[in-house]
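**Student:** Just dropping this structure here.
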Amino acid sequence: MKKKHILVTGASGFVGSYLLPALESHAEFEIHCFQGDIRDRKAVTKNLEEIQPDTLIHLAAQAFVPMAIENPWETEEINVGGTLNLLETLHRLQRPCKMLYVSSADVYGKQNLSLLPLQESFLPNPVNPYAGSKLAAESYCRQYAQYSPYVSVVIARPFNHIGIGQRKEFVIPNFCWQIIEAKHSGKKNIAVGDLEPTRDFSHVEDIVNGYITLVEKGQSGEIYNICSGEERSIRYMLEELVRLSGQDIRFEVDSKRVRASETSKVYGDNSKLKNLGWKNKHSLSETLKQIYNHLESEFLKSKQTD
């Protein structure tokens, strides 16, 4: 059987470290990783002409909201301009390719809370430059899905995803590191932002399985939420991590960690993706335990080598 060529952008990132092994378990895929900067049209053309992908999974993005707020221009160049480069180059290659565009549930922004869970049919209302860039890129994806005879595009809207390997500045690993350092130094306080917002958290492996489901079964021009369908407050997540530490640790609100225009309540409807055969396999408590235990082990190893 002839293998399908899959090109992945952003393969070296957190999600890519889970996606590549998951794709490798499918014998029908030959996997390629994008080389270069998606903002560089020549690099995009070189990759696509050489690989001639049957499928493109577009993970590459500037995904850290505080950085997007600080530098919205760079975020737009990467998230919008880079996506447009891929779409237009695929169109000009004039051979069929299915592209999975990884957007974000952040595009929903502020909604009428009485209407939750968030559904794909809701009108987006982004509240920060990251979310705005993702929505702008979505508009290009839907445009090309309609008018290009060569490019089909499926849009994924993943909600918060966590797991071992996520960068320290993201909320769960940040909490873990603070708790672990406090535990082993005798400190009793850690710095936090607003703990009251709720979010929909999933294990990154469940998110990746959603991407593969959409590669195989997603319909061009359609949008799919990938989420657990359950909400948990940031406070709940933090208290679970403190419980795992076995310590009595207090929380001190740091105004620098409180975002303006924060969305207070977020959880999604995952029924559209479930109808394609996907399901959530990991519990939140077990996911948090995995992350905490891994980071504490890494902390103790680092102390042994100091």
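Chain labels run A, B, ... following the order of the structure tokens; each chain numbers its residues from 1, and ligands are numbered from 1 in the order shown.
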Excluding same-chain residues fewer than 5 positions from Tyr224 in chain A, what lies within 7 Å of it counting only C-alpha atoms, as number ranges by chain?
**Tutor:** A: 120, 155-157, 272-273
**Student:** Among range 33-200 of chain A, which ones does DSSP assign to strand (DSSP E or B) (computed from the backbone)? Answer as a list in words.
**Tutor:**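 Taking range 33-200 of chain A and keeping strand (DSSP E or B) gives Cys33, Thr55, Leu56, Ile57, His58, Cys97, Lys98, Met99, Leu100, Tyr101, Val102, Leu118, Val151, Ser152, Val153, Val154, Ile155, Ala156, Arg157, Pro158, His161, Ile162, Asn189, Ile190, Ala191, Val192, Thr198 and Arg199 of chain A.
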**Student:** For Glu169 in chain A, work out the shell of residues within 12 Å, counting only C-alpha atoms and skipping chain neighbours fewer than 2 positions away, then give it as a count of residues only.
**Tutor:** 17
**Student:** So, with only C-alpha atoms as the atoms that count, which of A:Ser285, A:Ser152, A:Ser133, A:Ser271 lies closest to Glu77 in chain A?
**Tutor:**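 Looking only at the distances to Glu77 in chain A, the closest residue turns out to be A:Ser133.
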**Student:** If you count only C-alpha atoms, which residues fall within 9 Å of range 137-150 of chain A, apart from same-chain ones fewer than 6 positions away, as a list in words?
**Tutor:**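 Non-adjacent residues within range: Asn79, Val80, Gly81, Gly82, Thr83, Leu84, Leu87, Glu88, Leu90, His91, Arg92, Leu93, Gln94, Arg95, Pro96, Cys97, Lys98, Met99, Tyr101, Ser103, Ser220, Gly221 and Glu222 of chain A.
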**Student:** Filtering to N, CA and C atoms, could you give me those residues as an mmCIF file, in the first residue's frame?
**Tutor:**
```
data_model
loop_
_atom_site.group_PDB
_atom_site.id
_atom_site.type_symbol
_atom_site.label_atom_id
_atom_site.label_comp_id
_atom_site.auth_asym_id
_atom_site.auth_seq_id
_atom_site.Cartn_x
_atom_site.Cartn_y
_atom_site.Cartn_z
ATOM 1 N N ASN A 79 1.189 33.600 12.991
ATOM 2 C CA ASN A 79 -0.069 32.862 13.030
ATOM 3 C C ASN A 79 -0.956 33.100 11.809
ATOM 4 N N VAL A 80 -0.927 34.320 11.285
ATOM 5 C CA VAL A 80 -1.758 34.622 10.116
ATOM 6 C C VAL A 80 -0.931 34.515 8.829
ATOM 7 N N GLY A 81 0.168 35.257 8.773
ATOM 8 C CA GLY A 81 0.995 35.247 7.572
ATOM 9 C C GLY A 81 1.551 33.878 7.255
ATOM 10 N N GLY A 82 2.004 33.157 8.298
ATOM 11 C CA GLY A 82 2.538 31.809 8.070
ATOM 12 C C GLY A 82 1.487 30.865 7.532
ATOM 13 N N THR A 83 0.273 30.959 8.070
ATOM 14 C CA THR A 83 -0.822 30.098 7.599
ATOM 15 C C THR A 83 -1.189 30.430 6.150
ATOM 16 N N LEU A 84 -1.245 31.709 5.827
ATOM 17 C CA LEU A 84 -1.544 32.114 4.453
ATOM 18 C C LEU A 84 -0.469 31.612 3.493
ATOM 19 N N LEU A 87 -1.272 27.937 2.815
ATOM 20 C CA LEU A 87 -2.486 27.753 2.013
ATOM 21 C C LEU A 87 -2.259 28.126 0.548
ATOM 22 N N GLU A 88 -1.659 29.285 0.316
ATOM 23 C CA GLU A 88 -1.476 29.737 -1.061
ATOM 24 C C GLU A 88 -0.479 28.865 -1.806
ATOM 25 N N LEU A 90 0.128 25.640 -1.201
ATOM 26 C CA LEU A 90 -0.591 24.395 -1.497
ATOM 27 C C LEU A 90 -1.499 24.576 -2.708
ATOM 28 N N HIS A 91 -2.202 25.696 -2.755
ATOM 29 C CA HIS A 91 -3.092 25.978 -3.886
ATOM 30 C C HIS A 91 -2.317 26.027 -5.196
ATOM 31 N N ARG A 92 -1.161 26.660 -5.178
ATOM 32 C CA ARG A 92 -0.373 26.809 -6.403
ATOM 33 C C ARG A 92 0.317 25.521 -6.835
ATOM 34 N N LEU A 93 0.492 24.587 -5.907
ATOM 35 C CA LEU A 93 1.077 23.297 -6.293
ATOM 36 C C LEU A 93 0.143 22.505 -7.202
ATOM 37 N N GLN A 94 -1.138 22.782 -7.088
ATOM 38 C CA GLN A 94 -2.151 22.152 -7.938
ATOM 39 C C GLN A 94 -2.161 20.621 -7.817
ATOM 40 N N ARG A 95 -2.072 20.154 -6.585
ATOM 41 C CA ARG A 95 -2.288 18.727 -6.306
ATOM 42 C C ARG A 95 -3.075 18.623 -5.008
ATOM 43 N N PRO A 96 -3.944 17.632 -4.885
ATOM 44 C CA PRO A 96 -4.815 17.557 -3.714
ATOM 45 C C PRO A 96 -4.032 17.409 -2.404
ATOM 46 N N CYS A 97 -4.436 18.178 -1.416
ATOM 47 C CA CYS A 97 -3.842 18.081 -0.076
ATOM 48 C C CYS A 97 -4.909 18.434 0.960
ATOM 49 N N LYS A 98 -4.946 17.654 2.028
ATOM 50 C CA LYS A 98 -5.857 17.939 3.147
ATOM 51 C C LYS A 98 -5.042 18.580 4.261
ATOM 52 N N MET A 99 -5.447 19.766 4.674
ATOM 53 C CA MET A 99 -4.737 20.486 5.723
ATOM 54 C C MET A 99 -5.582 20.529 6.986
ATOM 55 N N TYR A 101 -5.836 22.602 10.196
ATOM 56 C CA TYR A 101 -5.383 23.832 10.826
ATOM 57 C C TYR A 101 -5.732 23.786 12.305
ATOM 58 N N SER A 103 -6.378 25.645 15.290
ATOM 59 C CA SER A 103 -6.746 26.961 15.794
ATOM 60 C C SER A 103 -6.746 26.912 17.317
ATOM 61 N N SER A 220 -13.940 18.937 5.065
ATOM 62 C CA SER A 220 -13.350 20.211 4.657
ATOM 63 C C SER A 220 -14.308 21.373 4.915
ATOM 64 N N GLY A 221 -13.740 22.466 5.444
ATOM 65 C CA GLY A 221 -14.531 23.651 5.744
ATOM 66 C C GLY A 221 -15.231 23.611 7.080
ATOM 67 N N GLU A 222 -15.127 22.481 7.777
ATOM 68 C CA GLU A 222 -15.818 22.337 9.065
ATOM 69 C C GLU A 222 -14.879 22.652 10.231
#
```
**Student:** Restrict the calculation to only C-alpha atoms, then for each residue of range 172-215 of chain A with any atom at most 12 Å from an atom of range 235-243 of chain A give the closest atom pair and their distance in Å to one decimal, rows by chain and rising residue number, as JSON lines.
**Tutor:**
```
{"residue": "A:Ile172", "atom": "CA", "partner": "A:Met237", "partner_atom": "CA", "distance": 7.8}
{"residue": "A:Pro173", "atom": "CA", "partner": "A:Leu241", "partner_atom": "CA", "distance": 10.1}
{"residue": "A:Asn174", "atom": "CA", "partner": "A:Leu238", "partner_atom": "CA", "distance": 10.2}
{"residue": "A:Phe175", "atom": "CA", "partner": "A:Leu238", "partner_atom": "CA", "distance": 6.8}
{"residue": "A:Cys176", "atom": "CA", "partner": "A:Leu241", "partner_atom": "CA", "distance": 6.8}
{"residue": "A:Trp177", "atom": "CA", "partner": "A:Leu241", "partner_atom": "CA", "distance": 10.3}
{"residue": "A:Gln178", "atom": "CA", "partner": "A:Val242", "partner_atom": "CA", "distance": 10.1}
{"residue": "A:Ile179", "atom": "CA", "partner": "A:Val242", "partner_atom": "CA", "distance": 6.7}
{"residue": "A:Ile180", "atom": "CA", "partner": "A:Val242", "partner_atom": "CA", "distance": 9.1}
{"residue": "A:Glu181", "atom": "CA", "partner": "A:Val242", "partner_atom": "CA", "distance": 11.9}
{"residue": "A:Ala182", "atom": "CA", "partner": "A:Val242", "partner_atom": "CA", "distance": 10.4}
{"residue": "A:Lys183", "atom": "CA", "partner": "A:Val242", "partner_atom": "CA", "distance": 9.5}
{"residue": "A:Lys188", "atom": "CA", "partner": "A:Val242", "partner_atom": "CA", "distance": 11.1}
{"residue": "A:Asn189", "atom": "CA", "partner": "A:Val242", "partner_atom": "CA", "distance": 11.2}
{"residue": "A:Ile190", "atom": "CA", "partner": "A:Val242", "partner_atom": "CA", "distance": 10.5}
{"residue": "A:Ala191", "atom": "CA", "partner": "A:Leu238", "partner_atom": "CA", "distance": 11.3}
{"residue": "A:Val192", "atom": "CA", "partner": "A:Leu238", "partner_atom": "CA", "distance": 9.3}
{"residue": "A:Gly193", "atom": "CA", "partner": "A:Arg235", "partner_atom": "CA", "distance": 9.9}
{"residue": "A:Asp194", "atom": "CA", "partner": "A:Arg235", "partner_atom": "CA", "distance": 8.4}
{"residue": "A:Leu195", "atom": "CA", "partner": "A:Arg235", "partner_atom": "CA", "distance": 4.7}
{"residue": "A:Glu196", "atom": "CA", "partner": "A:Arg235", "partner_atom": "CA", "distance": 6.2}
{"residue": "A:Pro197", "atom": "CA", "partner": "A:Arg235", "partner_atom": "CA", "distance": 8.1}
{"residue": "A:Thr198", "atom": "CA", "partner": "A:Arg235", "partner_atom": "CA", "distance": 8.5}
{"residue": "A:Arg199", "atom": "CA", "partner": "A:Met237", "partner_atom": "CA", "distance": 9.8}
{"residue": "A:Asp200", "atom": "CA", "partner": "A:Met237", "partner_atom": "CA", "distance": 11.1}
{"residue": "A:Phe201", "atom": "CA", "partner": "A:Met237", "partner_atom": "CA", "distance": 9.6}
```
**Student:** What does the structure give for the distance between CA of Val215 in chain A and CA of Thr55 in chain A, in Å to one decimal?
**Tutor:**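 Straight-line distance from CA of Val215 in chain A to CA of Thr55 in chain A works out to 7.6 Å.
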**Student:** To one decimal place in Å, what is the distance between CA of His282 in chain A and CA of Pro126 in chain A?
**Tutor:** 28.7 Å
